[in-house]
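What follows is a set of notes on a single structure, which appears directly below.
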Amino acid sequence: MPSTYAELHCHSNFSFLDGASTVEDLVARAVELEMPALAVTDHDGLYGVVRFALAAEAAGIRPVLGVEIELLDTAVPDPHGIVVPGRRPWRPGRRAPSSSAGDRTGASGGPGLGAATEAGAADGLPDRPRPSRARLPGHRRVVKEDLRGIGDRQRGPHLVLLARDATGYRSLCRILSRANLDGTKRVPQFRQRLLAEHTEGLVALSGCREGEIARRLRVGDREGAATVARRYATLFGRGGPGDSPATSGFFLELSHHLLPDDDWLVGETAALADELGLPCVVTNDVHYARPEDRELGDVLTAIFHGRTLDTLADLRRPDAESYLKSAAEMQALPPGASLPPGGPASADARTARAWLEGISTAGELAATCSVDLGFEQYRFPGFPVPGGETPFSYLSELCWAGARRRYHPMTPAVVSRLAHELGVIERAGLAEFFLICWDLMRFAREQRIPAQGRGSATSSIVSYTLGISRVEPIAHNLLFERFINEGRTTYPDVDIDFSSERREEVIQYVYQRYGPEHTGMVCNLVTYRARSAVREVGYALGFPRPLVDRVAKALETYDSVMVRRDLEADGGFAEFFRRPGEGHPEEPEPPEAAAAARTGERGLTDGMGQLNHVRGGRFGADLSGEHGDGRQARPEDGPQARPEDGRQARPEDGSRRGASPRSPPIRTHRARSRGSRMVIWPMRRWLAEEILKSPPTDR
């Protein structure tokens, strides 16, 4: 029977170095768990909603679109800095006596400053007091570099917003656009005033343990938490009497990650909801699809903060439970498992009932959220045409005038081709689209700005007569259907290149001509290429930088998904990627194999730290693995395990040399590229000491 639970607080990799799974992986996992719906609520942006919606619809589950924002201020006054920690004050570059440094307090009410660093004048550095914990600057606007080393507790409170319908999605877009315009790159400014202006069609969840209500409860400010809950309930709306809890506009969020105070926090939140008559919803604050993805999540956190895993400390998530869980797993958590059947109405029983009801409410709330992004509904800003003209009649007039200028004489082929293309454009409703492109090229010509259309648009005689393209399609036998055809479901692309030196003039013209409300810049998301990914992950894992650089330079691909393939095939690095228990199940080894194992010949190195290799400079590998298991061939594997001539052994070789027919064939790999040789030999001793440390042997 399908589950009724739906996860409503989930982060994908579009939460930039905070979520560890792609939207496709999250959707696939939700399908495995038989979830009817799934929400993606990435940090401060809707960058992944299109890919998520397409993946969810293809998989047959309901997509719920949302976002988790970080507010700069509180819903109710916070004079003691309970919810929003104090910021770092401006400190001029003066020396401060170290004896009094520990007694100072931040001007913004934050924690005191710790003792001065011991380096001081001995290293030629100013002996300044430093805060006991990194804080955001309070004397200027925060930039993304300031967020390194700053934990969630030192930042603003969280709030989850879900779009119930298309109106709610528009509200989300307005909130995010305004916050990003007010802030700096990757640091949007969300304020309560902005939130209050755009609540139509939105559903709000109180957030994780870093939400304002949870932060107040954790320090004992129960009255403040109740005041915040009442304000949000008024702002987003309550459900009517007798209505389903899912019709409410504000929900208190319950999450349990097996942390020491989670039982208490869930109980306090459930009691507050019961006192105020507000519904609860259960979420798991998902940051990765499966339990084993937690390691990647920690590495991404280390990359974000510019640290290694061993120095990350409390900046990483303190639990291993933030993965996508089924309804049964959520019900088995302590709040739900503590409900005694037919027992007394104790506090634990009330908490358990609220937990189980919150699981059910999550599915009901997801069922009420429906947003159609309307991928095929293109809306043009409108193009002003002369009186008595329609967009198509004006376009037709421009095209025929352009044809008379460019073609002497006007041949039947030109007339037929132009009439055909105009007919397709009219039926597709693209007249305004071509008029806008023509207008941009007209402006560029009048201002003497170099511009050129390219791509499939050069296949159109309409583009040629309008001056968008300079390629004559009939003479070059170009097919218009490659550009537009009536069976195509997506709109065409017209690529126009403008001179980089004067491109800003064209951008400003577009804003003035069509209005800022109809004009927007395309957002580019920068991803790691292969070498950059290897370097960042290597640094986060604590590998020496020279070694990481050599491994990165050994790659022969720029595609990140090919990193494992290249390093395994070119240099024998398969063991770097093999997790414990990954691959084929281990079979009990015979006594001879156990004796060979005790010699320390494991992985890439032997007991002396030398690389395992057979004659001919090749690594012996069993075909049981994808590219071998990395161990040196042993005597019991059969005579073909050590081919004398260095070539790959063939099945008939074994029969000629008297090997058992059951002996597995052996595959060998040659470290033949300059990059692999450069990496393997300098690092062999370090590998033996740091990476492939074998457990103590019984000798």
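Chain labels follow the order of the structure tokens: the first chain is A, the next B, and so on; residue numbering restarts at 1 in every chain, and ligands are counted from 1 in their shown order.
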
task = Could you give me, as number ranges by chain, the residues within 9 Å of range 534-541 of chain A, counting only C-alpha atoms and dropping anything in the same chain fewer than 6 positions from it?
result = A: 299-303, 306-310, 547-549, 551-552, 560, 563

Residues within 12 Å of range 72-84 of chain A, only C-alpha atoms, excluding chain neighbours under 4 positions, as a short mmCIF file (atom, residue, chain, number, x, y, z; two decimals) with all heavy atoms, in the first residue's frame:
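Result file follows (part_25.cif):
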```
data_model
loop_
_atom_site.label_atom_id
_atom_site.label_comp_id
_atom_site.auth_asym_id
_atom_site.auth_seq_id
_atom_site.Cartn_x
_atom_site.Cartn_y
_atom_site.Cartn_z
N SER A 108 28.11 44.74 19.69
CA SER A 108 26.78 44.36 19.24
C SER A 108 26.12 43.36 20.17
O SER A 108 25.13 42.75 19.85
CB SER A 108 26.87 43.76 17.84
OG SER A 108 27.69 42.62 17.84
N GLY A 109 26.67 43.18 21.35
CA GLY A 109 26.04 42.28 22.30
C GLY A 109 26.41 40.84 22.12
O GLY A 109 25.81 39.98 22.71
N GLY A 110 27.41 40.55 21.29
CA GLY A 110 27.81 39.17 21.04
C GLY A 110 28.73 38.69 22.13
O GLY A 110 28.99 39.34 23.14
N PRO A 111 29.28 37.50 21.95
CA PRO A 111 30.19 36.94 22.94
C PRO A 111 31.46 37.73 23.06
O PRO A 111 31.85 38.46 22.17
CB PRO A 111 30.45 35.52 22.38
CG PRO A 111 30.14 35.61 20.93
CD PRO A 111 29.08 36.64 20.80
N ARG A 135 32.26 35.35 13.87
CA ARG A 135 30.96 36.00 13.73
C ARG A 135 30.92 36.79 12.43
O ARG A 135 31.94 37.17 11.89
CB ARG A 135 30.68 36.94 14.91
CG ARG A 135 30.50 36.23 16.24
CD ARG A 135 30.22 37.24 17.33
NE ARG A 135 31.40 38.06 17.60
CZ ARG A 135 31.35 39.20 18.27
NH1 ARG A 135 30.20 39.68 18.71
NH2 ARG A 135 32.46 39.89 18.50
N LEU A 136 29.71 37.04 11.96
CA LEU A 136 29.53 37.83 10.75
C LEU A 136 29.80 39.30 11.05
O LEU A 136 29.59 39.76 12.17
CB LEU A 136 28.12 37.66 10.21
CG LEU A 136 27.77 36.27 9.67
CD1 LEU A 136 26.29 36.19 9.34
CD2 LEU A 136 28.61 35.94 8.45
N GLY A 138 29.30 43.19 11.45
CA GLY A 138 28.15 44.04 11.71
C GLY A 138 28.31 45.44 11.20
O GLY A 138 27.36 46.24 11.25
N ARG A 141 28.04 45.21 4.79
CA ARG A 141 27.21 44.16 4.22
C ARG A 141 27.99 42.85 4.15
O ARG A 141 29.19 42.82 3.86
CB ARG A 141 26.74 44.55 2.83
CG ARG A 141 25.93 45.83 2.79
CD ARG A 141 25.59 46.23 1.37
NE ARG A 141 24.53 45.41 0.82
CZ ARG A 141 24.07 45.53 -0.42
NH1 ARG A 141 24.62 46.41 -1.24
NH2 ARG A 141 23.09 44.78 -0.85
N VAL A 142 27.31 41.76 4.43
CA VAL A 142 27.93 40.45 4.42
C VAL A 142 28.12 39.99 2.98
O VAL A 142 27.23 40.13 2.14
CB VAL A 142 27.07 39.43 5.18
CG1 VAL A 142 27.70 38.04 5.12
CG2 VAL A 142 26.90 39.87 6.63
N ASP A 152 25.57 27.47 11.44
CA ASP A 152 24.17 27.89 11.35
C ASP A 152 23.73 28.69 12.57
O ASP A 152 22.90 29.59 12.46
CB ASP A 152 23.26 26.66 11.20
CG ASP A 152 23.35 26.07 9.79
OD1 ASP A 152 23.76 26.80 8.88
OD2 ASP A 152 23.00 24.89 9.62
N ARG A 153 24.29 28.38 13.72
CA ARG A 153 23.85 29.06 14.95
C ARG A 153 24.26 30.53 14.96
O ARG A 153 23.64 31.35 15.65
CB ARG A 153 24.42 28.34 16.18
CG ARG A 153 23.87 28.87 17.50
CD ARG A 153 22.37 28.63 17.58
NE ARG A 153 21.77 29.26 18.74
CZ ARG A 153 21.31 30.51 18.76
NH1 ARG A 153 21.39 31.27 17.68
NH2 ARG A 153 20.77 31.00 19.85
N GLN A 154 25.31 30.87 14.21
CA GLN A 154 25.77 32.25 14.16
C GLN A 154 25.10 33.05 13.04
O GLN A 154 25.44 34.20 12.81
CB GLN A 154 27.29 32.31 13.96
CG GLN A 154 28.08 32.08 15.23
CD GLN A 154 27.93 30.66 15.73
OE1 GLN A 154 28.15 29.72 14.98
NE2 GLN A 154 27.56 30.50 16.99
N ARG A 155 24.14 32.42 12.36
CA ARG A 155 23.43 33.09 11.28
C ARG A 155 21.97 33.29 11.65
O ARG A 155 21.55 32.97 12.76
CB ARG A 155 23.58 32.28 9.99
CG ARG A 155 25.04 32.15 9.56
CD ARG A 155 25.25 31.17 8.43
NE ARG A 155 24.61 31.61 7.20
CZ ARG A 155 24.76 31.00 6.03
NH1 ARG A 155 25.56 29.95 5.94
NH2 ARG A 155 24.14 31.45 4.95
N GLY A 156 21.20 33.84 10.73
CA GLY A 156 19.82 34.19 11.03
C GLY A 156 18.91 32.98 11.12
O GLY A 156 19.28 31.87 10.72
N PRO A 157 17.68 33.16 11.63
CA PRO A 157 16.74 32.04 11.77
C PRO A 157 16.20 31.59 10.42
O PRO A 157 16.10 32.37 9.47
CB PRO A 157 15.63 32.63 12.64
CG PRO A 157 15.69 34.10 12.38
CD PRO A 157 17.13 34.42 12.15
N HIS A 158 15.84 30.31 10.34
CA HIS A 158 15.35 29.72 9.09
C HIS A 158 13.82 29.70 9.09
O HIS A 158 13.17 29.64 10.13
CB HIS A 158 15.87 28.29 8.94
CG HIS A 158 17.36 28.21 8.81
ND1 HIS A 158 18.03 27.02 8.63
CD2 HIS A 158 18.31 29.17 8.83
CE1 HIS A 158 19.32 27.25 8.54
NE2 HIS A 158 19.52 28.55 8.68
N LEU A 159 13.28 29.69 7.87
CA LEU A 159 11.84 29.56 7.67
C LEU A 159 11.63 28.88 6.33
O LEU A 159 12.25 29.24 5.33
CB LEU A 159 11.14 30.93 7.69
CG LEU A 159 9.61 30.92 7.66
CD1 LEU A 159 9.07 30.40 8.99
CD2 LEU A 159 9.06 32.31 7.37
N ALA A 179 15.00 39.99 -2.47
CA ALA A 179 16.06 39.73 -1.49
C ALA A 179 17.43 39.69 -2.15
O ALA A 179 18.42 40.18 -1.59
CB ALA A 179 15.78 38.42 -0.76
N ASP A 182 18.54 43.20 -3.00
CA ASP A 182 18.94 43.95 -1.81
C ASP A 182 20.25 43.46 -1.21
O ASP A 182 20.91 44.20 -0.47
CB ASP A 182 17.85 43.88 -0.74
CG ASP A 182 16.58 44.61 -1.16
OD1 ASP A 182 16.66 45.44 -2.09
OD2 ASP A 182 15.52 44.35 -0.57
N GLY A 183 20.63 42.21 -1.48
CA GLY A 183 21.82 41.65 -0.87
C GLY A 183 23.01 41.64 -1.80
O GLY A 183 23.09 42.39 -2.77
N VAL A 187 24.30 36.03 -0.93
CA VAL A 187 23.87 36.44 0.42
C VAL A 187 22.65 37.36 0.27
O VAL A 187 22.76 38.58 0.42
CB VAL A 187 24.99 37.16 1.19
CG1 VAL A 187 24.60 37.33 2.66
CG2 VAL A 187 26.30 36.39 1.09
N PRO A 188 21.48 36.80 -0.07
CA PRO A 188 20.28 37.64 -0.18
C PRO A 188 19.84 38.13 1.19
O PRO A 188 20.18 37.54 2.22
CB PRO A 188 19.25 36.69 -0.79
CG PRO A 188 19.72 35.32 -0.40
CD PRO A 188 21.22 35.39 -0.36
N GLN A 189 19.09 39.22 1.20
CA GLN A 189 18.61 39.81 2.45
C GLN A 189 17.10 39.62 2.56
O GLN A 189 16.32 40.31 1.89
CB GLN A 189 18.96 41.30 2.51
CG GLN A 189 20.45 41.56 2.62
CD GLN A 189 20.77 43.01 2.92
OE1 GLN A 189 19.89 43.86 2.98
NE2 GLN A 189 22.04 43.31 3.10
N PHE A 190 16.70 38.68 3.40
CA PHE A 190 15.29 38.42 3.67
C PHE A 190 14.92 39.11 4.99
O PHE A 190 15.56 38.85 6.02
CB PHE A 190 15.01 36.92 3.78
CG PHE A 190 15.27 36.16 2.52
CD1 PHE A 190 16.48 35.51 2.32
CD2 PHE A 190 14.32 36.09 1.52
CE1 PHE A 190 16.73 34.80 1.17
CE2 PHE A 190 14.55 35.38 0.35
CZ PHE A 190 15.76 34.74 0.19
N ARG A 191 13.91 39.93 4.94
CA ARG A 191 13.45 40.62 6.13
C ARG A 191 11.96 40.37 6.34
O ARG A 191 11.24 40.01 5.41
CB ARG A 191 13.73 42.12 6.03
CG ARG A 191 15.22 42.47 5.93
CD ARG A 191 15.46 43.97 5.96
NE ARG A 191 16.87 44.30 5.79
CZ ARG A 191 17.75 44.31 6.79
NH1 ARG A 191 17.34 44.01 8.02
NH2 ARG A 191 19.01 44.62 6.56
N GLN A 192 11.53 40.56 7.57
CA GLN A 192 10.13 40.33 7.91
C GLN A 192 9.20 41.24 7.10
O GLN A 192 8.11 40.82 6.70
CB GLN A 192 9.92 40.56 9.41
CG GLN A 192 10.61 39.56 10.31
CD GLN A 192 9.97 38.19 10.25
OE1 GLN A 192 8.80 38.04 9.88
NE2 GLN A 192 10.73 37.17 10.65
N ARG A 193 9.63 42.45 6.83
CA ARG A 193 8.78 43.36 6.07
C ARG A 193 8.57 42.85 4.65
O ARG A 193 7.45 42.89 4.13
CB ARG A 193 9.44 44.74 6.03
CG ARG A 193 8.63 45.80 5.29
CD ARG A 193 9.35 47.13 5.31
NE ARG A 193 10.66 47.01 4.67
CZ ARG A 193 11.56 48.00 4.62
NH1 ARG A 193 11.31 49.15 5.24
NH2 ARG A 193 12.71 47.83 4.02
N LEU A 194 9.62 42.34 4.03
CA LEU A 194 9.48 41.77 2.69
C LEU A 194 8.59 40.54 2.71
O LEU A 194 7.74 40.35 1.82
CB LEU A 194 10.87 41.42 2.14
CG LEU A 194 10.91 40.67 0.81
CD1 LEU A 194 10.33 41.51 -0.31
CD2 LEU A 194 12.35 40.25 0.48
N LEU A 195 8.74 39.72 3.73
CA LEU A 195 7.93 38.51 3.84
C LEU A 195 6.45 38.86 3.98
O LEU A 195 5.58 38.21 3.39
CB LEU A 195 8.42 37.69 5.03
CG LEU A 195 7.80 36.31 5.24
CD1 LEU A 195 8.11 35.40 4.07
CD2 LEU A 195 8.31 35.70 6.54
N ALA A 196 6.14 39.88 4.75
CA ALA A 196 4.75 40.26 4.99
C ALA A 196 4.07 40.79 3.73
O ALA A 196 2.84 40.73 3.61
CB ALA A 196 4.67 41.30 6.10
N SER A 206 7.63 26.22 10.34
CA SER A 206 8.42 26.97 11.32
C SER A 206 9.92 26.74 11.19
O SER A 206 10.72 27.47 11.77
CB SER A 206 7.97 26.63 12.74
OG SER A 206 8.16 25.24 13.01
N ARG A 209 15.63 23.08 13.69
CA ARG A 209 16.02 23.51 15.02
C ARG A 209 16.69 24.88 15.00
O ARG A 209 16.95 25.45 16.05
CB ARG A 209 16.92 22.47 15.69
CG ARG A 209 18.21 22.19 14.95
CD ARG A 209 18.95 20.99 15.52
NE ARG A 209 19.44 21.24 16.86
CZ ARG A 209 18.99 20.63 17.95
NH1 ARG A 209 18.00 19.75 17.86
NH2 ARG A 209 19.50 20.88 19.12
N GLU A 210 16.99 25.40 13.80
CA GLU A 210 17.53 26.75 13.69
C GLU A 210 16.46 27.76 13.30
O GLU A 210 16.78 28.90 12.96
CB GLU A 210 18.67 26.78 12.67
CG GLU A 210 19.86 25.91 13.02
CD GLU A 210 20.47 26.25 14.38
OE1 GLU A 210 20.29 27.39 14.84
OE2 GLU A 210 21.12 25.37 14.97
N GLY A 211 15.19 27.37 13.34
CA GLY A 211 14.11 28.33 13.16
C GLY A 211 13.94 29.19 14.40
O GLY A 211 14.41 28.85 15.50
N GLU A 212 13.22 30.31 14.24
CA GLU A 212 13.10 31.23 15.37
C GLU A 212 12.36 30.59 16.55
O GLU A 212 12.76 30.76 17.72
CB GLU A 212 12.37 32.51 14.93
CG GLU A 212 12.23 33.52 16.07
CD GLU A 212 11.69 34.86 15.62
OE1 GLU A 212 11.53 35.04 14.39
OE2 GLU A 212 11.45 35.71 16.50
N ILE A 213 11.30 29.85 16.28
CA ILE A 213 10.53 29.23 17.37
C ILE A 213 11.40 28.21 18.10
O ILE A 213 11.43 28.17 19.34
CB ILE A 213 9.25 28.60 16.81
CG1 ILE A 213 8.31 29.70 16.31
CG2 ILE A 213 8.56 27.75 17.86
CD1 ILE A 213 7.05 29.19 15.66
N ALA A 214 12.11 27.36 17.36
CA ALA A 214 12.95 26.35 18.00
C ALA A 214 14.09 27.00 18.78
O ALA A 214 14.43 26.53 19.88
CB ALA A 214 13.51 25.40 16.94
N ARG A 215 14.69 28.06 18.27
CA ARG A 215 15.76 28.72 19.01
C ARG A 215 15.25 29.31 20.33
O ARG A 215 15.93 29.23 21.35
CB ARG A 215 16.38 29.81 18.15
CG ARG A 215 17.30 29.29 17.05
CD ARG A 215 17.99 30.41 16.30
NE ARG A 215 18.92 29.90 15.30
CZ ARG A 215 19.65 30.65 14.51
NH1 ARG A 215 19.57 31.97 14.57
NH2 ARG A 215 20.48 30.10 13.63
N ARG A 216 14.07 29.88 20.29
CA ARG A 216 13.53 30.44 21.53
C ARG A 216 13.19 29.34 22.52
O ARG A 216 13.43 29.49 23.74
CB ARG A 216 12.30 31.29 21.22
CG ARG A 216 12.63 32.59 20.47
CD ARG A 216 11.39 33.43 20.25
NE ARG A 216 11.68 34.66 19.51
CZ ARG A 216 12.06 35.80 20.06
NH1 ARG A 216 12.20 35.88 21.38
NH2 ARG A 216 12.30 36.86 19.31
N LEU A 217 12.62 28.24 22.05
CA LEU A 217 12.31 27.15 22.96
C LEU A 217 13.57 26.57 23.59
O LEU A 217 13.58 26.21 24.77
CB LEU A 217 11.54 26.05 22.21
CG LEU A 217 10.09 26.36 21.83
CD1 LEU A 217 9.51 25.23 20.99
CD2 LEU A 217 9.24 26.59 23.07
N ARG A 218 14.65 26.48 22.84
CA ARG A 218 15.87 25.86 23.35
C ARG A 218 16.54 26.68 24.44
O ARG A 218 17.34 26.13 25.21
CB ARG A 218 16.84 25.64 22.19
CG ARG A 218 16.43 24.48 21.29
CD ARG A 218 17.08 24.54 19.92
NE ARG A 218 18.53 24.52 20.02
CZ ARG A 218 19.34 24.80 18.99
NH1 ARG A 218 18.82 25.16 17.84
NH2 ARG A 218 20.65 24.75 19.14
N VAL A 219 16.25 27.97 24.50
CA VAL A 219 16.83 28.79 25.57
C VAL A 219 15.79 29.13 26.64
O VAL A 219 16.06 29.94 27.52
CB VAL A 219 17.43 30.09 24.99
CG1 VAL A 219 18.56 29.76 24.04
CG2 VAL A 219 16.38 30.95 24.32
N GLY A 220 14.61 28.52 26.56
CA GLY A 220 13.61 28.72 27.59
C GLY A 220 12.67 29.89 27.38
O GLY A 220 11.86 30.20 28.27
N ASP A 221 12.71 30.54 26.23
CA ASP A 221 11.82 31.67 25.95
C ASP A 221 10.53 31.14 25.33
O ASP A 221 10.23 31.36 24.16
CB ASP A 221 12.51 32.67 25.02
CG ASP A 221 11.67 33.92 24.78
OD1 ASP A 221 10.72 34.15 25.56
OD2 ASP A 221 11.95 34.64 23.80
N GLU A 223 7.40 32.02 25.98
CA GLU A 223 6.44 33.07 25.66
C GLU A 223 6.80 33.73 24.32
O GLU A 223 5.93 34.03 23.50
CB GLU A 223 6.42 34.12 26.77
CG GLU A 223 5.39 35.23 26.56
CD GLU A 223 3.98 34.69 26.40
OE1 GLU A 223 3.62 33.71 27.07
OE2 GLU A 223 3.23 35.27 25.57
N GLY A 224 8.10 33.96 24.10
CA GLY A 224 8.52 34.53 22.83
C GLY A 224 8.21 33.59 21.67
O GLY A 224 7.78 34.04 20.60
N ALA A 225 8.40 32.30 21.87
CA ALA A 225 8.09 31.32 20.83
C ALA A 225 6.60 31.34 20.51
O ALA A 225 6.19 31.26 19.34
CB ALA A 225 8.54 29.93 21.26
N ALA A 226 5.76 31.43 21.53
CA ALA A 226 4.31 31.48 21.31
C ALA A 226 3.92 32.74 20.55
O ALA A 226 3.04 32.71 19.67
CB ALA A 226 3.57 31.40 22.64
N THR A 227 4.56 33.86 20.87
CA THR A 227 4.26 35.12 20.17
C THR A 227 4.63 35.02 18.71
O THR A 227 3.89 35.49 17.82
CB THR A 227 5.01 36.27 20.84
OG1 THR A 227 4.69 36.30 22.24
CG2 THR A 227 4.62 37.59 20.21
N VAL A 228 5.77 34.41 18.41
CA VAL A 228 6.19 34.24 17.02
C VAL A 228 5.20 33.34 16.28
O VAL A 228 4.80 33.64 15.14
CB VAL A 228 7.60 33.64 16.95
CG1 VAL A 228 7.98 33.31 15.52
CG2 VAL A 228 8.61 34.60 17.56
N ALA A 229 4.77 32.26 16.91
CA ALA A 229 3.84 31.34 16.26
C ALA A 229 2.52 32.04 15.96
O ALA A 229 1.92 31.86 14.89
CB ALA A 229 3.61 30.12 17.14
N ARG A 230 2.03 32.86 16.90
CA ARG A 230 0.78 33.58 16.65
C ARG A 230 0.94 34.56 15.49
O ARG A 230 0.02 34.71 14.67
CB ARG A 230 0.37 34.34 17.92
CG ARG A 230 -0.04 33.45 19.08
CD ARG A 230 -0.67 34.28 20.19
NE ARG A 230 -0.83 33.51 21.40
CZ ARG A 230 0.03 33.53 22.41
NH1 ARG A 230 1.12 34.30 22.35
NH2 ARG A 230 -0.19 32.79 23.48
N ARG A 231 2.08 35.23 15.42
CA ARG A 231 2.27 36.21 14.34
C ARG A 231 2.30 35.52 12.98
O ARG A 231 1.65 35.97 12.03
CB ARG A 231 3.58 36.97 14.54
CG ARG A 231 3.79 38.06 13.49
CD ARG A 231 5.12 38.76 13.62
NE ARG A 231 5.23 39.85 12.66
CZ ARG A 231 5.53 39.70 11.38
NH1 ARG A 231 5.76 38.49 10.90
NH2 ARG A 231 5.60 40.75 10.57
N TYR A 232 3.02 34.42 12.85
CA TYR A 232 3.07 33.71 11.58
C TYR A 232 1.70 33.12 11.22
O TYR A 232 1.32 33.08 10.04
CB TYR A 232 4.13 32.62 11.62
CG TYR A 232 5.54 33.12 11.45
CD1 TYR A 232 6.60 32.58 12.18
CD2 TYR A 232 5.83 34.14 10.53
CE1 TYR A 232 7.90 33.03 12.01
CE2 TYR A 232 7.12 34.60 10.36
CZ TYR A 232 8.16 34.05 11.11
OH TYR A 232 9.45 34.52 10.94
N ALA A 233 0.97 32.64 12.22
CA ALA A 233 -0.36 32.11 11.94
C ALA A 233 -1.28 33.20 11.42
O ALA A 233 -2.11 32.97 10.54
CB ALA A 233 -0.94 31.47 13.20
N THR A 234 -1.15 34.41 11.97
CA THR A 234 -1.94 35.54 11.47
C THR A 234 -1.49 35.95 10.08
O THR A 234 -2.33 36.28 9.22
CB THR A 234 -1.80 36.73 12.43
OG1 THR A 234 -2.22 36.33 13.75
CG2 THR A 234 -2.65 37.90 11.98
N LEU A 235 -0.19 35.89 9.83
CA LEU A 235 0.35 36.34 8.55
C LEU A 235 -0.02 35.39 7.42
O LEU A 235 -0.44 35.82 6.34
CB LEU A 235 1.87 36.45 8.67
CG LEU A 235 2.62 37.20 7.57
CD1 LEU A 235 2.17 38.65 7.50
CD2 LEU A 235 4.14 37.12 7.82
#
```

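Our summary of the geometry notes that CA of Thr4 in chain A is positioned 23.2 Å from CA of Gly277 in chain A.
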
ask   = Got a sec: who's within 10 Å of range 45-58 of chain A, counting only C-alpha atoms, leaving out chain neighbours fewer than 4 positions off, as a PyMOL selection string?
value = chain A and resi 11-16+22-28+30-31+37-41+62-69+169+172-173+175-177+180+186+188+371-373+375+523-525

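CA of Ile461 in chain A lies 9.8 Å from CA of Ala419 in chain A.
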
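Using only C-alpha atoms for every distance, the candidate list A:Gly363, A:Gly207, A:Gly201, A:Gly19 yields A:Gly363 as the residue closest to Tyr5 in chain A.
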
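Listed by chain and then by rising number, the residues of range 430-506 of chain A that DSSP assigns to strand (DSSP E) from the backbone are Ala451, Gln452, Gly453, Arg454, Asp495, Ile496, Asp497 and Phe498 of chain A.
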
Residues of the last selection are to be written out with C-alpha atoms, as a PDB file, in the first residue's frame.
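Output file selection_30.pdb follows:
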```pdb
ATOM      1  CA  ALA A 451      26.112  42.108 -33.886  1.00  0.00           C
ATOM      2  CA  GLN A 452      25.576  38.786 -35.601  1.00  0.00           C
ATOM      3  CA  GLY A 453      22.893  36.086 -35.440  1.00  0.00           C
ATOM      4  CA  ARG A 454      24.060  32.488 -35.483  1.00  0.00           C
ATOM      5  CA  ASP A 495      21.417  33.406 -30.688  1.00  0.00           C
ATOM      6  CA  ILE A 496      22.700  36.933 -31.286  1.00  0.00           C
ATOM      7  CA  ASP A 497      26.267  37.883 -30.420  1.00  0.00           C
ATOM      8  CA  PHE A 498      26.939  41.526 -29.549  1.00  0.00           C
TER       9      PHE A 498
END
```

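Between CA of Gly297 in chain A and CA of Asp42 in chain A lies a distance of 14.6 Å.
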
remark   = Among A:Gly455, A:Pro85, A:Gly382, A:Gly467, Gly402 in chain A is approached most closely, using only C-alpha atoms, by A:Gly467
